[in-house]
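The structure appears below as structure tokens.
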Amino acid sequence: MFGPVFCPQLMRRSVMMGLQTRILKPCSSEILRGRFMAHQESLPNLPVPPLKQTLDKYLKTVRPLVDDEQFKGTEKIVKTFGEAQGLGETLQSSLEEHADRKENWLSDWWLDCAYLESRASVIIYCSPSVSFPRYNFTGTKGQISQAAKVVAAILNYKVAIDNENLSIDRMGKAPLCMDQYYRILSSCRIPGLNKDSSECYARSWRPPRHILIIHNNHYFELDVYHEDGSPLSAQDLELQLNKIVTSSQEPGKAIGLLTARDRDSWGRAYHTLNKDQQNHNSFHSIHRAIFALCLDQESPFVPDDQWRSDLSGRCLHGGGSKLNSGNRWNDKTIQMIVDKNGGVGLLYEHSPAEGPPIAAMLDYVYKHCENLGQQHTTSSSLPEPKELLFNIPEEVSKEIEQAGKEIDAMIENLNLTVVEFKEFGKNFIKSQKLSPDSFIQIAFQLAYYRLHRKAPATYESGSLRQFRLGRTDTIRSCSTTSDEFAKAVVENKFTKSDLAQKLRDAIAAHKHYTIDAVDGKGIDRHLLGLKLTAIKSGKEVPDLFLDDTYKRAMSFNLSTSQVPCQADLSMAFGPAVAEGYGICYNPKADHIILSVSSFKDNPDYDVHVFQRELFSTFREMRDMLLSTSSKL
């Protein structure tokens, strides 16, 4: 219906320039009721950019993606759209009127368009995973002990959310919207027949007291609070998890596989199952749970140098129907995953939040789950975990079997690697007075151009959290400047000094676009607003959005995101298109952690080939800078 407005894979992450997040001490008990709303009301509304500004930028961003003849046709279409008293101005006026009536003119449209109306599977295509560095535990006993610490750490973090005393994120001196922090727990996506819904129960009349435990395809409701409202200690949680594992030794029906299907198929199965009262009650408990904890079964051995990539993939999709893909509930916003071989990670459903709130919580968990200290244990008063049961008719059992085949095929077609570039990190880049994010993005441009000899349409998510209820806009990293730099390197006709200057120009252009995007001056969400305004007012979709150039610009060969974490965490997600890569990166002081994905059915896009080319590009760009600089 809407055409190439978005790719659901791309709506998940956000780069933050100079983001400052202060980590709270465990169990901060100061209650600051009303602080959240007072802060939110102090933030400005998201502006609607001037029409001419957006159209001029649009032409600049698409120029390297198409040939001269196609670009001339696009110029005519854009000129017609932007004519005085023309269609563009009419839609602009209607959009500005809509913005005057809304707290954020984009947020509801974005939630629907990017997530809830998408009918693609959330697995690989939308929900990112995060993997932790390897822990020193093995077997069921170690798994349960580590899982209890993870749960206790999240409950500790939740105290600050409930008491509204989370420190305010800032970009430089500008305070940022904190709404997403208050939506990541006690929330769930709920399948629909044509459109999903997203519910957050954290501020309901009776907020949830339980988490969801999934073990061996069995589902349990576990109350994690004492009668006085204090959270269970890690020792208490370990006792409770032992009970659950002991009572679920035989595999259950893998109903969780249904949540990995396309949303139409899952919506129909959910609608059928929900007619049964027992199923309805179990769904209600799952939806309201604070978060899900997935205790996974053994996975096949992999060499140590492949372990991080393997864990990242298992967190992303479960490893297959014969492993742990059924040991999930992929509609839950937060699923913490703990295996039996030192692996801890997360899968998050994307509709309530971008990456920074998730990264902040995981940094807290990583830092504090091993340092919780001695906590009071009152095992005699602990309630029994409650298993959530399902009545599954034969027709849905066949759907589960089909879901297993589908997820196995999806996993088989995915290439994913997590790698670490160890020769330098953001400290060196900063020593050259350059933006680390922009440096890395330009490296992506050069590496891609070298391998494929064309400019890549590139998506990088930029945060709009300077504005109330802000989500993201697109940082279009591919520019005429980056294209000129990539071609100059490949042509090999320029001096090192010339190349270094072209590199600095490309990095500067990217940084300038980034600043514009996070300041509300990007083009993608504005164009989306104009298109949706036309559709919702009953007008035909403007030619601008039917043009092949627009379609090319929305077909992102590089789907990228920086998600900086204090710990050595790695986020991963699938590519947006067959002819492309999905890349997430965490720049550290002296190294860079990256995940790279592609689809196997397009052998021209091989993650290992791209990773080697990227590492070579990092070195070459470093040498260009050093050739004209005395700084080491």
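Naming works like this for the structure tokens: A, B, ... for the chains as they're shown, residue 1 at the start of each chain, ligands 1 onward in shown order.
Selecting strand (DSSP E) from the backbone DSSP output for range 12-193 of chain A yields Leu19, Gln20, Ser129, Val130, Ser131, Arg170, Met171, Ala174, Pro175, Ser187, Cys188, Arg189 and Ile190 of chain A.
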Would you mind exporting the chosen residues as a tab-separated table (two decimals), in the first residue's frame, restricted to all heavy atoms?
```tsv
chain	number	residue	atom	x	y	z
A	19	LEU	N	26.56	11.44	23.53
A	19	LEU	CA	25.57	11.02	24.51
A	19	LEU	C	26.24	10.75	25.85
A	19	LEU	O	27.23	10.05	25.94
A	19	LEU	CB	24.87	9.74	24.03
A	19	LEU	CG	23.89	9.09	25.01
A	19	LEU	CD1	22.74	10.05	25.28
A	19	LEU	CD2	23.38	7.79	24.45
A	20	GLN	N	25.67	11.32	26.88
A	20	GLN	CA	26.18	11.12	28.23
A	20	GLN	C	25.10	10.42	29.05
A	20	GLN	O	24.02	10.95	29.25
A	20	GLN	CB	26.53	12.46	28.88
A	20	GLN	CG	27.58	13.25	28.09
A	20	GLN	CD	27.70	14.67	28.59
A	20	GLN	OE1	27.06	15.05	29.56
A	20	GLN	NE2	28.52	15.45	27.92
A	129	SER	N	19.78	-8.52	18.22
A	129	SER	CA	20.31	-9.24	19.37
A	129	SER	C	21.50	-8.48	19.93
A	129	SER	O	22.12	-7.65	19.24
A	129	SER	CB	20.74	-10.66	19.00
A	129	SER	OG	21.93	-10.65	18.22
A	130	VAL	N	21.82	-8.75	21.19
A	130	VAL	CA	23.03	-8.22	21.82
A	130	VAL	C	23.71	-9.39	22.54
A	130	VAL	O	23.04	-10.14	23.27
A	130	VAL	CB	22.72	-7.10	22.83
A	130	VAL	CG1	24.01	-6.59	23.48
A	130	VAL	CG2	21.98	-5.96	22.16
A	131	SER	N	25.00	-9.55	22.34
A	131	SER	CA	25.75	-10.61	23.01
A	131	SER	C	26.77	-10.00	23.96
A	131	SER	O	27.39	-8.98	23.67
A	131	SER	CB	26.44	-11.52	21.99
A	131	SER	OG	27.38	-10.79	21.21
A	170	ARG	N	21.93	13.21	28.01
A	170	ARG	CA	22.16	14.50	27.37
A	170	ARG	C	23.02	14.32	26.13
A	170	ARG	O	23.85	13.43	26.06
A	170	ARG	CB	22.84	15.48	28.34
A	170	ARG	CG	21.97	15.84	29.53
A	170	ARG	CD	22.64	16.82	30.48
A	170	ARG	NE	21.77	17.12	31.60
A	170	ARG	CZ	20.81	18.04	31.60
A	170	ARG	NH1	20.63	18.79	30.51
A	170	ARG	NH2	20.04	18.23	32.65
A	171	MET	N	22.79	15.19	25.17
A	171	MET	CA	23.66	15.30	24.00
A	171	MET	C	24.33	16.66	24.10
A	171	MET	O	23.72	17.68	23.81
A	171	MET	CB	22.84	15.18	22.71
A	171	MET	CG	23.70	15.09	21.46
A	171	MET	SD	22.70	15.05	19.94
A	171	MET	CE	21.68	13.61	20.22
A	174	ALA	N	22.21	19.47	25.83
A	174	ALA	CA	20.78	19.33	25.54
A	174	ALA	C	20.22	18.07	26.20
A	174	ALA	O	20.72	16.96	25.96
A	174	ALA	CB	20.56	19.27	24.04
A	175	PRO	N	19.17	18.19	27.02
A	175	PRO	CA	18.54	17.00	27.62
A	175	PRO	C	17.77	16.22	26.56
A	175	PRO	O	17.27	16.79	25.58
A	175	PRO	CB	17.60	17.59	28.67
A	175	PRO	CG	17.27	18.96	28.15
A	175	PRO	CD	18.51	19.44	27.44
A	187	SER	N	6.35	-4.67	28.85
A	187	SER	CA	5.73	-4.32	27.57
A	187	SER	C	5.80	-5.51	26.62
A	187	SER	O	6.61	-6.42	26.78
A	187	SER	CB	6.40	-3.09	26.96
A	187	SER	OG	7.78	-3.31	26.76
A	188	CYS	N	4.93	-5.47	25.62
A	188	CYS	CA	4.86	-6.59	24.69
A	188	CYS	C	4.14	-6.16	23.42
A	188	CYS	O	3.23	-5.33	23.44
A	188	CYS	CB	4.08	-7.75	25.34
A	188	CYS	SG	4.21	-9.33	24.45
A	189	ARG	N	4.57	-6.73	22.32
A	189	ARG	CA	3.86	-6.59	21.05
A	189	ARG	C	2.80	-7.69	20.98
A	189	ARG	O	3.07	-8.84	21.38
A	189	ARG	CB	4.84	-6.71	19.88
A	189	ARG	CG	4.22	-6.54	18.50
A	189	ARG	CD	5.34	-6.36	17.49
A	189	ARG	NE	4.87	-6.37	16.11
A	189	ARG	CZ	5.60	-5.95	15.07
A	189	ARG	NH1	6.82	-5.49	15.29
A	189	ARG	NH2	5.12	-6.00	13.85
A	190	ILE	N	1.62	-7.36	20.51
A	190	ILE	CA	0.53	-8.32	20.47
A	190	ILE	C	0.07	-8.48	19.03
A	190	ILE	O	-0.25	-7.48	18.37
A	190	ILE	CB	-0.64	-7.87	21.37
A	190	ILE	CG1	-0.14	-7.73	22.82
A	190	ILE	CG2	-1.80	-8.86	21.29
A	190	ILE	CD1	-1.16	-7.13	23.76
```
I want to know what sits within 10 Å of Asp543 in chain A, based on only C-alpha atoms, with residues of the same chain fewer than 6 positions away left out; could you give that as a ChimeraX atom specification? /A:74,77-78,80-81,550
What would the file look like if the residues just selected were written as a compact mmCIF listing (two decimals), in the first residue's frame with C-alpha atoms?
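Output file out-v6.txt is given in full below:
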```txt
# COMPACT_ATOMS: atom_id res chain seq x y z
CA THR A 74 14.17 12.92 -10.91
CA ILE A 77 9.72 15.30 -10.73
CA VAL A 78 11.09 17.09 -7.67
CA THR A 80 7.11 19.82 -10.16
CA PHE A 81 6.38 18.55 -6.65
CA TYR A 550 13.18 7.04 -4.65
```
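Put simply, CA of Lys72 in chain A is 17.5 Å away from CA of Ser479 in chain A.
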What does the distance between CA of Glu613 in chain A and CA of Gln566 in chain A come to in Å, to one decimal place? 26.9 Å
Rank nothing, just name the residue among A:Ala500, A:Leu558, A:Ala455, A:Val607 nearest to Gly580 in chain A, using only C-alpha atoms. A:Leu558
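Taking CA of Glu97 in chain A and CA of Ala84 in chain A as the two end points, the separation is 18.4 Å.
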DSSP says helix (DSSP H, G or I) for which residues of range 39-214 of chain A? Put them as a PyMOL selection string? chain A and resi 39-42+51-65+68-81+87-101+107-116+139-162+179-182
Could you give me, as JSON lines, a per-residue list for range 121-141 of chain A showing, wherever an atom lies at most 9 Å from an atom of range 568-576 of chain A, the closest pair of atoms and their distance in Å to one decimal, using only C-alpha atoms and sorting by chain then residue number from low to high?
```
{"residue": "A:Ile123", "atom": "CA", "partner": "A:Gly574", "partner_atom": "CA", "distance": 8.8}
{"residue": "A:Ile124", "atom": "CA", "partner": "A:Gly574", "partner_atom": "CA", "distance": 5.0}
{"residue": "A:Tyr125", "atom": "CA", "partner": "A:Gly574", "partner_atom": "CA", "distance": 5.7}
{"residue": "A:Cys126", "atom": "CA", "partner": "A:Phe573", "partner_atom": "CA", "distance": 7.3}
{"residue": "A:Ser127", "atom": "CA", "partner": "A:Phe573", "partner_atom": "CA", "distance": 7.0}
{"residue": "A:Pro128", "atom": "CA", "partner": "A:Phe573", "partner_atom": "CA", "distance": 4.9}
{"residue": "A:Ser129", "atom": "CA", "partner": "A:Ala572", "partner_atom": "CA", "distance": 5.3}
{"residue": "A:Val130", "atom": "CA", "partner": "A:Met571", "partner_atom": "CA", "distance": 4.2}
{"residue": "A:Ser131", "atom": "CA", "partner": "A:Ser570", "partner_atom": "CA", "distance": 5.4}
{"residue": "A:Phe132", "atom": "CA", "partner": "A:Leu569", "partner_atom": "CA", "distance": 5.1}
{"residue": "A:Pro133", "atom": "CA", "partner": "A:Asp568", "partner_atom": "CA", "distance": 6.5}
```
List every residue of range 306-354 of chain A that has an atom at most 10 Å from any atom of range 245-264 of chain A, giving for each one its closest atom pair and the distance in Å to one decimal, counting only C-alpha atoms, sorted by chain and then by ascending residue number, as a Markdown table.
```
| residue | atom | partner | partner_atom | distance |
| --- | --- | --- | --- | --- |
| A:His317 | CA | A:Ala260 | CA | 8.4 |
| A:Gly318 | CA | A:Leu257 | CA | 9.8 |
| A:Gly320 | CA | A:Leu257 | CA | 9.5 |
| A:Ser321 | CA | A:Leu257 | CA | 7.5 |
| A:Lys322 | CA | A:Ala254 | CA | 9.9 |
| A:Asn324 | CA | A:Ala254 | CA | 9.2 |
| A:Ser325 | CA | A:Leu257 | CA | 6.3 |
| A:Gly326 | CA | A:Leu257 | CA | 4.5 |
| A:Asn327 | CA | A:Gly256 | CA | 6.1 |
| A:Arg328 | CA | A:Gly256 | CA | 5.2 |
| A:Trp329 | CA | A:Gly256 | CA | 5.3 |
| A:Asn330 | CA | A:Thr259 | CA | 5.4 |
| A:Asp331 | CA | A:Thr259 | CA | 6.7 |
| A:Lys332 | CA | A:Thr259 | CA | 9.8 |
```
Can you write just those residues out, all heavy atoms, as an mmCIF file, in the first residue's frame?
```
data_model
loop_
_atom_site.group_PDB
_atom_site.id
_atom_site.type_symbol
_atom_site.label_atom_id
_atom_site.label_comp_id
_atom_site.auth_asym_id
_atom_site.auth_seq_id
_atom_site.Cartn_x
_atom_site.Cartn_y
_atom_site.Cartn_z
ATOM 1 N N HIS A 317 18.239 -15.593 16.662
ATOM 2 C CA HIS A 317 17.192 -16.469 16.104
ATOM 3 C C HIS A 317 17.011 -17.789 16.836
ATOM 4 O O HIS A 317 16.124 -18.570 16.487
ATOM 5 C CB HIS A 317 17.473 -16.755 14.622
ATOM 6 C CG HIS A 317 18.891 -17.176 14.331
ATOM 7 N ND1 HIS A 317 19.464 -18.297 14.892
ATOM 8 C CD2 HIS A 317 19.846 -16.617 13.539
ATOM 9 C CE1 HIS A 317 20.712 -18.420 14.429
ATOM 10 N NE2 HIS A 317 20.969 -17.400 13.635
ATOM 11 N N GLY A 318 17.819 -18.088 17.817
ATOM 12 C CA GLY A 318 17.637 -19.296 18.603
ATOM 13 C C GLY A 318 18.395 -20.509 18.112
ATOM 14 O O GLY A 318 18.440 -21.536 18.798
ATOM 15 N N GLY A 320 17.712 -22.505 15.561
ATOM 16 C CA GLY A 320 16.952 -23.464 14.767
ATOM 17 C C GLY A 320 15.905 -24.192 15.585
ATOM 18 O O GLY A 320 15.923 -24.205 16.810
ATOM 19 N N SER A 321 14.973 -24.839 14.872
ATOM 20 C CA SER A 321 13.855 -25.508 15.546
ATOM 21 C C SER A 321 14.312 -26.691 16.379
ATOM 22 O O SER A 321 13.629 -27.067 17.335
ATOM 23 C CB SER A 321 12.825 -25.969 14.505
ATOM 24 O OG SER A 321 13.396 -26.916 13.599
ATOM 25 N N LYS A 322 15.463 -27.275 16.038
ATOM 26 C CA LYS A 322 15.977 -28.400 16.818
ATOM 27 C C LYS A 322 16.808 -27.928 18.002
ATOM 28 O O LYS A 322 17.200 -28.736 18.852
ATOM 29 C CB LYS A 322 16.829 -29.308 15.922
ATOM 30 C CG LYS A 322 16.094 -29.909 14.734
ATOM 31 C CD LYS A 322 14.966 -30.827 15.170
ATOM 32 C CE LYS A 322 14.371 -31.594 14.000
ATOM 33 N NZ LYS A 322 13.699 -30.715 13.018
ATOM 34 N N ASN A 324 17.031 -23.913 19.963
ATOM 35 C CA ASN A 324 16.313 -23.061 20.915
ATOM 36 C C ASN A 324 15.390 -22.024 20.289
ATOM 37 O O ASN A 324 14.922 -21.128 20.986
ATOM 38 C CB ASN A 324 17.338 -22.361 21.815
ATOM 39 C CG ASN A 324 18.096 -23.341 22.690
ATOM 40 O OD1 ASN A 324 17.531 -23.949 23.590
ATOM 41 N ND2 ASN A 324 19.386 -23.503 22.403
ATOM 42 N N SER A 325 15.114 -22.137 18.992
ATOM 43 C CA SER A 325 14.225 -21.148 18.364
ATOM 44 C C SER A 325 12.812 -21.207 18.924
ATOM 45 O O SER A 325 12.089 -20.203 18.890
ATOM 46 C CB SER A 325 14.192 -21.352 16.846
ATOM 47 O OG SER A 325 15.443 -21.036 16.269
ATOM 48 N N GLY A 326 12.393 -22.368 19.439
ATOM 49 C CA GLY A 326 11.089 -22.471 20.071
ATOM 50 C C GLY A 326 11.078 -22.030 21.517
ATOM 51 O O GLY A 326 10.011 -21.834 22.109
ATOM 52 N N ASN A 327 12.268 -21.853 22.094
ATOM 53 C CA ASN A 327 12.394 -21.467 23.507
ATOM 54 C C ASN A 327 12.402 -19.947 23.636
ATOM 55 O O ASN A 327 13.250 -19.356 24.307
ATOM 56 C CB ASN A 327 13.691 -22.060 24.085
ATOM 57 C CG ASN A 327 13.656 -22.178 25.600
ATOM 58 O OD1 ASN A 327 12.754 -22.795 26.142
ATOM 59 N ND2 ASN A 327 14.617 -21.576 26.270
ATOM 60 N N ARG A 328 11.442 -19.320 22.986
ATOM 61 C CA ARG A 328 11.379 -17.865 22.904
ATOM 62 C C ARG A 328 9.919 -17.410 22.938
ATOM 63 O O ARG A 328 8.994 -18.180 22.707
ATOM 64 C CB ARG A 328 11.999 -17.358 21.592
ATOM 65 C CG ARG A 328 13.466 -17.708 21.383
ATOM 66 C CD ARG A 328 14.386 -16.853 22.220
ATOM 67 N NE ARG A 328 15.782 -17.094 21.895
ATOM 68 C CZ ARG A 328 16.542 -18.021 22.470
ATOM 69 N NH1 ARG A 328 16.020 -18.814 23.389
ATOM 70 N NH2 ARG A 328 17.812 -18.156 22.144
ATOM 71 N N TRP A 329 9.736 -16.137 23.196
ATOM 72 C CA TRP A 329 8.469 -15.460 22.914
ATOM 73 C C TRP A 329 8.861 -14.127 22.289
ATOM 74 O O TRP A 329 9.124 -13.139 22.950
ATOM 75 C CB TRP A 329 7.622 -15.248 24.171
ATOM 76 C CG TRP A 329 6.201 -14.963 23.794
ATOM 77 C CD1 TRP A 329 5.619 -13.743 23.641
ATOM 78 C CD2 TRP A 329 5.196 -15.932 23.480
ATOM 79 N NE1 TRP A 329 4.306 -13.890 23.261
ATOM 80 C CE2 TRP A 329 4.014 -15.227 23.158
ATOM 81 C CE3 TRP A 329 5.172 -17.325 23.452
ATOM 82 C CZ2 TRP A 329 2.841 -15.865 22.807
ATOM 83 C CZ3 TRP A 329 3.994 -17.965 23.094
ATOM 84 C CH2 TRP A 329 2.850 -17.246 22.778
ATOM 85 N N ASN A 330 8.924 -14.094 20.960
ATOM 86 C CA ASN A 330 9.576 -13.000 20.241
ATOM 87 C C ASN A 330 8.795 -11.700 20.241
ATOM 88 O O ASN A 330 9.282 -10.693 19.726
ATOM 89 C CB ASN A 330 9.890 -13.448 18.816
ATOM 90 C CG ASN A 330 10.882 -14.591 18.792
ATOM 91 O OD1 ASN A 330 11.962 -14.494 19.372
ATOM 92 N ND2 ASN A 330 10.518 -15.691 18.150
ATOM 93 N N ASP A 331 7.601 -11.699 20.824
ATOM 94 C CA ASP A 331 6.844 -10.463 20.968
ATOM 95 C C ASP A 331 7.239 -9.682 22.212
ATOM 96 O O ASP A 331 6.908 -8.492 22.322
ATOM 97 C CB ASP A 331 5.343 -10.755 21.030
ATOM 98 C CG ASP A 331 4.795 -11.308 19.725
ATOM 99 O OD1 ASP A 331 5.487 -11.208 18.710
ATOM 100 O OD2 ASP A 331 3.673 -11.843 19.734
ATOM 101 N N LYS A 332 7.923 -10.318 23.165
ATOM 102 C CA LYS A 332 8.344 -9.610 24.375
ATOM 103 C C LYS A 332 9.424 -8.596 24.027
ATOM 104 O O LYS A 332 10.358 -8.894 23.280
ATOM 105 C CB LYS A 332 8.883 -10.570 25.430
ATOM 106 C CG LYS A 332 7.830 -11.370 26.166
ATOM 107 C CD LYS A 332 6.786 -10.507 26.832
ATOM 108 C CE LYS A 332 7.319 -9.701 28.000
ATOM 109 N NZ LYS A 332 6.249 -8.846 28.613
#
```
